[in-house]
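A.B. asks: For reference, this is target.csv, and it has CSV, C-alpha atoms.
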```
chain,number,residue,atom,x,y,z
A,1,MET,CA,7.2,-8.9,1.2
A,2,ARG,CA,6.9,-5.1,1.2
A,3,SER,CA,6.5,-4.8,4.9
A,4,ASN,CA,10.2,-5.6,5.4
A,5,PHE,CA,11.7,-2.9,3.2
A,6,ASN,CA,14.4,-0.6,4.4
A,7,THR,CA,16.0,2.5,3.0
A,8,GLN,CA,18.8,0.4,1.5
A,9,ALA,CA,16.4,-1.7,-0.6
A,10,ASP,CA,17.8,-2.5,-4.1
A,11,PHE,CA,16.0,-2.8,-7.4
A,12,VAL,CA,15.5,-6.6,-7.2
A,13,THR,CA,14.0,-6.3,-3.7
A,14,ILE,CA,11.5,-3.8,-5.0
A,15,ILE,CA,10.7,-5.4,-8.4
A,16,ILE,CA,9.9,-8.9,-7.2
A,17,PRO,CA,6.8,-7.9,-5.2
A,18,THR,CA,5.8,-5.6,-8.0
A,19,VAL,CA,5.9,-8.4,-10.6
A,20,ILE,CA,3.9,-10.7,-8.3
A,21,GLN,CA,1.3,-8.0,-7.7
A,22,GLY,CA,1.0,-7.4,-11.4
A,23,ILE,CA,0.3,-11.1,-12.1
A,24,ALA,CA,-2.1,-11.3,-9.2
A,25,MET,CA,-4.1,-8.3,-10.5
A,26,ALA,CA,-5.3,-10.3,-13.5
A,27,PHE,CA,-6.5,-13.0,-11.2
A,28,PHE,CA,-8.4,-10.4,-9.2
A,29,PHE,CA,-10.0,-8.0,-11.8
A,30,ILE,CA,-11.2,-10.6,-14.3
A,31,PRO,CA,-13.2,-12.6,-11.7
A,32,LEU,CA,-14.4,-9.3,-10.2
A,33,VAL,CA,-15.9,-8.1,-13.5
A,34,THR,CA,-17.3,-11.6,-14.1
A,35,ILE,CA,-19.1,-11.6,-10.7
A,36,THR,CA,-20.2,-8.0,-11.1
A,37,LEU,CA,-21.8,-8.5,-14.5
A,38,SER,CA,-23.1,-12.0,-14.2
A,39,GLY,CA,-26.8,-12.5,-14.4
A,40,LEU,CA,-27.4,-9.2,-16.3
A,41,THR,CA,-29.1,-8.9,-19.6
A,42,PRO,CA,-26.9,-7.6,-22.4
A,43,ASP,CA,-28.7,-4.2,-22.5
A,44,ARG,CA,-27.9,-3.6,-18.8
A,45,ILE,CA,-24.2,-4.5,-19.0
A,46,PRO,CA,-22.8,-1.1,-20.1
A,47,ALA,CA,-24.6,0.7,-17.3
A,48,ALA,CA,-23.6,-1.9,-14.7
A,49,SER,CA,-20.0,-1.7,-15.9
A,50,GLY,CA,-20.0,2.1,-15.7
A,51,LEU,CA,-21.4,2.0,-12.2
A,52,SER,CA,-18.9,-0.7,-11.1
A,53,ASN,CA,-16.0,1.3,-12.4
A,54,PHE,CA,-17.3,4.5,-10.7
A,55,LEU,CA,-17.7,2.7,-7.4
A,56,ARG,CA,-14.2,1.0,-7.7
A,57,ILE,CA,-12.5,4.3,-8.5
A,58,THR,CA,-14.3,6.2,-5.8
A,59,ALA,CA,-13.5,3.5,-3.2
A,60,GLY,CA,-9.9,3.5,-4.4
A,61,ALA,CA,-9.7,7.3,-3.9
A,62,MET,CA,-11.1,7.0,-0.4
A,63,GLY,CA,-8.8,4.2,0.4
A,64,THR,CA,-5.8,6.2,-0.9
A,65,SER,CA,-6.8,9.2,1.2
A,66,LEU,CA,-7.2,7.1,4.3
A,67,THR,CA,-3.9,5.3,3.7
A,68,THR,CA,-2.0,8.6,3.1
A,69,THR,CA,-3.4,10.0,6.4
A,70,LEU,CA,-2.5,6.8,8.3
A,71,TRP,CA,1.0,6.8,6.7
A,72,ASP,CA,1.6,10.4,7.7
A,73,ASN,CA,0.3,9.8,11.3
A,74,ARG,CA,2.5,6.7,11.6
A,75,ALA,CA,5.5,8.6,10.3
A,76,THR,CA,4.9,11.3,12.9
A,77,LEU,CA,4.8,8.6,15.6
A,78,HIS,CA,8.0,7.0,14.4
A,79,HIS,CA,9.7,10.3,14.1
A,80,THR,CA,8.9,11.1,17.7
A,81,GLN,CA,10.1,7.6,18.9
A,82,LEU,CA,13.3,7.9,16.9
A,83,SER,CA,14.0,11.4,18.0
A,84,GLU,CA,13.8,10.3,21.6
A,85,THR,CA,16.8,8.1,21.1
A,86,ILE,CA,19.0,10.9,19.7
A,87,ASN,CA,20.9,12.2,22.7
A,88,HIS,CA,24.4,12.5,24.0
A,89,GLY,CA,24.1,9.0,25.7
A,90,ASN,CA,23.6,7.4,22.3
A,91,ASN,CA,27.0,6.4,20.8
A,92,ALA,CA,25.7,6.2,17.2
A,93,ALA,CA,24.1,9.6,17.4
A,94,THR,CA,27.1,11.2,19.0
A,95,SER,CA,29.4,9.6,16.4
A,96,ALA,CA,27.2,10.7,13.5
A,97,MET,CA,27.1,14.3,14.9
A,98,SER,CA,30.8,14.4,15.5
A,99,GLY,CA,31.5,13.1,12.0
A,100,LEU,CA,29.2,15.7,10.4
A,101,ALA,CA,30.7,18.5,12.5
A,102,SER,CA,34.3,17.4,11.6
A,103,SER,CA,33.2,17.6,7.9
A,104,GLY,CA,32.6,21.3,8.3
A,105,PHE,CA,28.9,21.4,9.0
A,106,SER,CA,27.6,24.0,11.4
A,107,THR,CA,25.6,22.9,14.5
A,108,GLU,CA,22.3,23.8,12.7
A,109,GLN,CA,23.4,21.9,9.6
A,110,VAL,CA,24.3,18.8,11.7
A,111,LEU,CA,21.0,18.9,13.4
A,112,GLY,CA,19.3,19.3,10.0
A,113,GLN,CA,21.0,16.3,8.6
A,114,ILE,CA,20.2,14.2,11.6
A,115,ASN,CA,16.6,15.3,11.3
A,116,ARG,CA,16.6,14.4,7.6
A,117,ILE,CA,17.9,10.9,8.4
A,118,VAL,CA,15.3,10.5,11.2
A,119,ASP,CA,12.6,11.6,8.7
A,120,GLN,CA,13.7,9.0,6.1
A,121,GLN,CA,13.7,6.2,8.7
A,122,ALA,CA,10.4,7.3,10.1
A,123,TYR,CA,8.7,7.3,6.7
A,124,MET,CA,10.2,4.0,5.9
A,125,LEU,CA,8.9,2.5,9.1
A,126,ALA,CA,5.5,4.0,8.4
A,127,THR,CA,5.5,2.5,4.9
A,128,ASN,CA,6.3,-0.9,6.4
A,129,ASP,CA,3.4,-0.4,8.9
A,130,ILE,CA,1.0,0.4,6.1
A,131,PHE,CA,2.0,-2.6,4.0
A,132,TYR,CA,1.8,-4.9,7.0
A,133,ALA,CA,-1.6,-3.7,7.9
A,134,SER,CA,-2.7,-4.0,4.3
A,135,ALA,CA,-1.5,-7.6,4.2
A,136,ILE,CA,-3.5,-8.4,7.3
A,137,LEU,CA,-6.6,-6.7,5.9
A,138,PHE,CA,-6.4,-8.7,2.7
A,139,LEU,CA,-6.0,-11.9,4.6
A,140,LEU,CA,-9.1,-11.1,6.7
A,141,LEU,CA,-11.1,-10.3,3.5
A,142,ILE,CA,-10.3,-13.6,1.8
A,143,PRO,CA,-13.4,-15.3,3.3
A,144,LEU,CA,-15.6,-12.8,1.5
A,145,VAL,CA,-14.8,-14.6,-1.8
A,146,TRP,CA,-17.0,-17.5,-0.7
A,147,LEU,CA,-19.9,-15.1,-0.1
A,148,ALA,CA,-20.1,-14.2,-3.8
A,149,LYS,CA,-22.6,-16.7,-5.2
A,150,PRO,CA,-22.6,-17.3,-8.9
A,151,GLN,CA,-25.9,-16.8,-10.8
A,152,LYS,CA,-27.6,-20.1,-11.7
A,153,GLY,CA,-29.0,-19.9,-15.2
A,154,GLY,CA,-30.6,-16.5,-15.8
A,155,ALA,CA,-30.3,-14.2,-18.8
A,156,GLY,CA,-26.6,-13.5,-18.2
A,157,GLY,CA,-25.8,-17.2,-18.4
A,158,ASP,CA,-27.0,-17.3,-22.1
A,159,ALA,CA,-25.0,-14.1,-22.9
A,160,ALA,CA,-21.9,-15.6,-21.3
A,161,ALA,CA,-22.3,-18.9,-23.1
A,162,GLY,CA,-22.7,-17.0,-26.4
A,163,ALA,CA,-19.4,-15.2,-25.7
A,164,HIS,CA,-17.5,-18.4,-25.4
```
Using structure tokens, write down the structure that the file contains.
C.D. replies:
Amino acid sequence: MRSNFNTQADFVTIIIPTVIQGIAMAFFFIPLVTITLSGLTPDRIPAASGLSNFLRITAGAMGTSLTTTLWDNRATLHHTQLSETINHGNNAATSAMSGLASSGFSTEQVLGQINRIVDQQAYMLATNDIFYASAILFLLLIPLVWLAKPQKGGAGGDAAAGAH
């Protein structure tokens, strides 16, 4: 849903995927914690929980860094591609430049405004690329759910039964 955004996206267009994601988070983190802590004795649960949170936060920070780098690289690529189309043969570009010039902008200001518009569009396209790649990645990771085997019996089973 987020890989089809544009710079004219309204509040409802943005909020719907956000609400869906918020609901889905509960269906992700609760089973994740259950899988992570299953089979552990009660005295080991605090340490395991701390280690799990540390690894989750560290992996999230690394993922954020990688995503930001990819986003910036994709924005540079899109900026280059969009800039190639801005020339005197492009009617839309010529019309926009003429309109800005007739509004009293100097040549440098016109080019600055056009560059700003190209930047906005390039970062929007890069954002769409990142969301699209994330969607594909998550779809490819779905089979990993079936690799998580629940503990049969064990000490954690008694603790979990007592909690219910």
A.B. asks: Can you work out the spacing between atom CA of Leu37 of chain A and atom CA of Thr64 of chain A in Å, to one decimal?
C.D. replies: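 Answer for the atom CA of Leu37 of chain A to atom CA of Thr64 of chain A separation: 25.6 Å.
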A.B. asks: Expressed in Å to a single decimal, how great is the separation between atom CA of Gln21 of chain A and atom CA of Thr127 of chain A?
C.D. replies: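 For atom CA of Gln21 of chain A relative to atom CA of Thr127 of chain A, the distance reads 16.9 Å.
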A.B. asks: Which of these residues is nearest to His79 of chain A, using all atoms listed in the file: A:Leu40, A:Met124, A:Leu141, A:Met1?
C.D. replies: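 Among the listed residues, A:Met124 lies closest to His79 of chain A.
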A.B. asks: Expressed in Å to a single decimal, how great is the separation between atom CA of Arg74 of chain A and atom CA of Asp10 of chain A?
C.D. replies: 23.8 Å
A.B. asks: Compare A:Phe54, A:Ala48, A:Leu70, A:Pro143 by their minimum atom-to-atom distance to Ile35 of chain A, counting all atoms listed in the file, and give me the closest one.
C.D. replies: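 Result for the nearest residue to Ile35 of chain A: A:Ala48.
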A.B. asks: Select, from A:Thr76, A:Asn90, A:Ser49, A:Ser103, the residue with the minimum atom-to-atom distance to Ala126 of chain A, counting all atoms listed in the file.
C.D. replies: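 For Ala126 of chain A, the nearest of the candidates is A:Thr76.
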A.B. asks: Neighbouring residues of Tyr123 of chain A were defined as those with any atom within 8 Å, considering all atoms listed in the file; residues of the same chain fewer than 4 positions away were excluded. Please report them as a ChimeraX atom specification.
C.D. replies: /A:71-72,74-75,78,119,127
A.B. asks: Tell me which residues come within 9 Å of (15.1, 9.9, 14.4), as JSON, numbers by chain, counting all atoms listed in the file in the file's coordinates.
C.D. replies: {"A": [78, 79, 80, 81, 82, 83, 84, 85, 86, 114, 115, 116, 117, 118, 119, 120, 121, 122]}
A.B. asks: Find the spatial neighbours of Lys149 of chain A, counting only C-alpha atoms, within a cut-off of 12 Å - ignore same-chain residues fewer than 5 positions away - and output them as number ranges by chain.
C.D. replies: A: 34-36, 38-39, 144
A.B. asks: Under the rule that all atoms listed in the file are counted, which of A:Ala26, A:Leu111, A:Ala92, A:Leu77 is the nearest residue to Asp129 of chain A?
C.D. replies: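 That would be A:Leu77, the residue with the smallest distance to Asp129 of chain A.
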A.B. asks: Starting from the incomplete input, reconstruct N, CA and C atoms of segment 108-127 of chain A and write that as a compact mmCIF listing (two decimals), in the frame of the given file.
C.D. replies:
```txt
# COMPACT_ATOMS: atom_id res chain seq x y z
N GLU A 108 23.69 23.84 13.26
CA GLU A 108 22.30 23.80 12.70
C GLU A 108 22.30 22.81 11.50
N GLN A 109 23.36 22.78 10.70
CA GLN A 109 23.40 21.90 9.60
C GLN A 109 23.49 20.40 10.05
N VAL A 110 24.24 20.17 11.10
CA VAL A 110 24.30 18.80 11.70
C VAL A 110 22.96 18.36 12.14
N LEU A 111 22.29 19.23 12.89
CA LEU A 111 21.00 18.90 13.40
C LEU A 111 19.96 18.70 12.23
N GLY A 112 20.10 19.49 11.19
CA GLY A 112 19.30 19.30 10.00
C GLY A 112 19.48 18.01 9.31
N GLN A 113 20.73 17.60 9.19
CA GLN A 113 21.00 16.30 8.60
C GLN A 113 20.53 15.15 9.41
N ILE A 114 20.70 15.26 10.72
CA ILE A 114 20.20 14.20 11.60
C ILE A 114 18.66 14.14 11.50
N ASN A 115 18.01 15.30 11.47
CA ASN A 115 16.60 15.30 11.30
C ASN A 115 16.13 14.71 9.99
N ARG A 116 16.88 14.96 8.93
CA ARG A 116 16.60 14.40 7.60
C ARG A 116 16.68 12.86 7.65
N ILE A 117 17.71 12.36 8.31
CA ILE A 117 17.90 10.90 8.40
C ILE A 117 16.75 10.30 9.24
N VAL A 118 16.38 10.98 10.33
CA VAL A 118 15.30 10.50 11.20
C VAL A 118 13.98 10.52 10.35
N ASP A 119 13.75 11.55 9.55
CA ASP A 119 12.60 11.60 8.70
C ASP A 119 12.53 10.44 7.71
N GLN A 120 13.67 10.16 7.07
CA GLN A 120 13.70 9.00 6.10
C GLN A 120 13.37 7.73 6.79
N GLN A 121 13.96 7.50 7.94
CA GLN A 121 13.70 6.20 8.70
C GLN A 121 12.26 6.18 9.16
N ALA A 122 11.73 7.31 9.62
CA ALA A 122 10.40 7.30 10.10
C ALA A 122 9.37 7.02 9.00
N TYR A 123 9.57 7.61 7.82
CA TYR A 123 8.70 7.30 6.70
C TYR A 123 8.82 5.91 6.19
N MET A 124 10.03 5.36 6.27
CA MET A 124 10.20 4.00 5.90
C MET A 124 9.49 3.04 6.82
N LEU A 125 9.61 3.30 8.12
CA LEU A 125 8.90 2.50 9.10
C LEU A 125 7.39 2.62 8.95
N ALA A 126 6.92 3.82 8.66
CA ALA A 126 5.50 4.00 8.40
C ALA A 126 5.03 3.28 7.19
N THR A 127 5.84 3.27 6.15
CA THR A 127 5.50 2.50 4.90
C THR A 127 5.40 1.04 5.24
```
